[in-house]
Structures are given as structure tokens and as C-alpha cells.
Amino acid sequence: MTPQELFEDAARRPSQAARQVLEGIPLGALHTMPGGTSNSVAWLVWHAARQQDAQVARLAGAEEVWSGQGWNERFGLDLPDSSMGFGHRPEDVARVRVASAELLQDYLDAVVERTVDYVRGLTDAQLDEVVDRSWDPPVTRGVRLVSTVDDAAQHLGQAAYVRGLVDGGWSGPY
């Protein structure tokens, strides 16, 4: 298995987890913020996709899927197009409201496919290239890509937990 094939498998896992979390979720549960201040399932899935979209676009020197494919218009959020969730306060989280869970899933899937396509074209040397010297040790392209998938996976785990809190009796597939 090549590093690119290994990454492809890992990159698809957040989409698979999202599918399980979002399947059959009532809209009320999708948007509920536990305690009135914690992240909703909708925000968590949206942020998982947005952060990966923005970071991979930057690495690829390409436009984000969010704006390039019109997802920003389909979502119609009351947030700036550049917003991806970093630093959001509860009132910002509450603005991430969607008409359906499918919209979230479709956007995440589009981001994952773009990420996988990008990684397929990279050489081992490109994966080892330093892309951010502001960290110690400096961050390589490969490490940055792994961190985007890790961030998405963590947020999908949180989304599963939140769904269990707000959608009585839901326990997921595990």
C-alpha cells in the first residue's frame, strides 16, 4: 500500500462516520446546541468539512470547494464565506442551520473527494515538503494533510456524541 492509498482510506473515514451520524437525524436534533452553548451536530459536520476544504485548497493552490462549487450559496449561512468555524462563539454556531442533513453529507463528500484526488497526484517528495515553518518541528505537506483528516475525525466523533445527547435513544452503530 502506498502512502497515498493509505491516506485515501483514512480520508474517507470521516465521511463514513458522518453518514452514520446523519442518517435519519431529525432537524431539531441536527441543530440542537447542548446546554445552549455547545456545538450542534450540524456545526460539527460543517466545520469538519470546512477546515479540511480550506486547508487542502491552500496546499493545492486552488479555490475552496465551498465557494468554487457553490456550496456557500446552497448553504446560505448568515456567516462570511471565509468562515470555517475557528473561533466561533455560540451565536456563530447557531447560525449554521441547514435544510437537510444530506446537504452536510454532500458537502463533506465533495471535500473528501477533492482531498483524495489531490493526494493521489502527490509524490513522496511532495508529501515530505515543509509547508509551515511556524511550528516546531516544521510541518510537512503530509503532516498537514493527516492533521486535516484527524481534525475531521475528532469532530465527527463529537457529532456522534452530541447526537446521542440530543436524539433520545440514538446510540449509533458501535
# chains A, B, ... in the order shown; residues from 1 in each chain; ligands from 1
>>> select_by_dssp(residues="chain A", states="strand (DSSP E)", output="ChimeraX atom specification")
/A:130-132,139-140
>>> residues_around(residues="Met84 of chain A", least_positions_apart="6", cutoff="10 Å", atoms="only C-alpha atoms", output="list in words")
Trp43, Trp46, His47, Ala48, Ala49, Arg50, Gln51, Gln52, Asp53, Ala54 and Trp66 of chain A
>>> select_by_dssp(residues="chain A", states="alpha helix (DSSP H)", output="PyMOL selection string")
chain A and resi 3-22+27-31+41-60+65-68+71-75+90-93+101-120+124-128+141-166
>>> residues_around(residues="Asn72 of chain A", least_positions_apart="5", cutoff="10 Å", atoms="only C-alpha atoms", output="number ranges by chain")
A: 65-67, 77, 79-82, 107
>>> residues_around(residues="segment 117-122 of chain A", least_positions_apart="2", cutoff="12 Å", atoms="only C-alpha atoms", output="PyMOL selection string")
chain A and resi 2-12+53+56-62+110-115+124-129+141-142+144-146
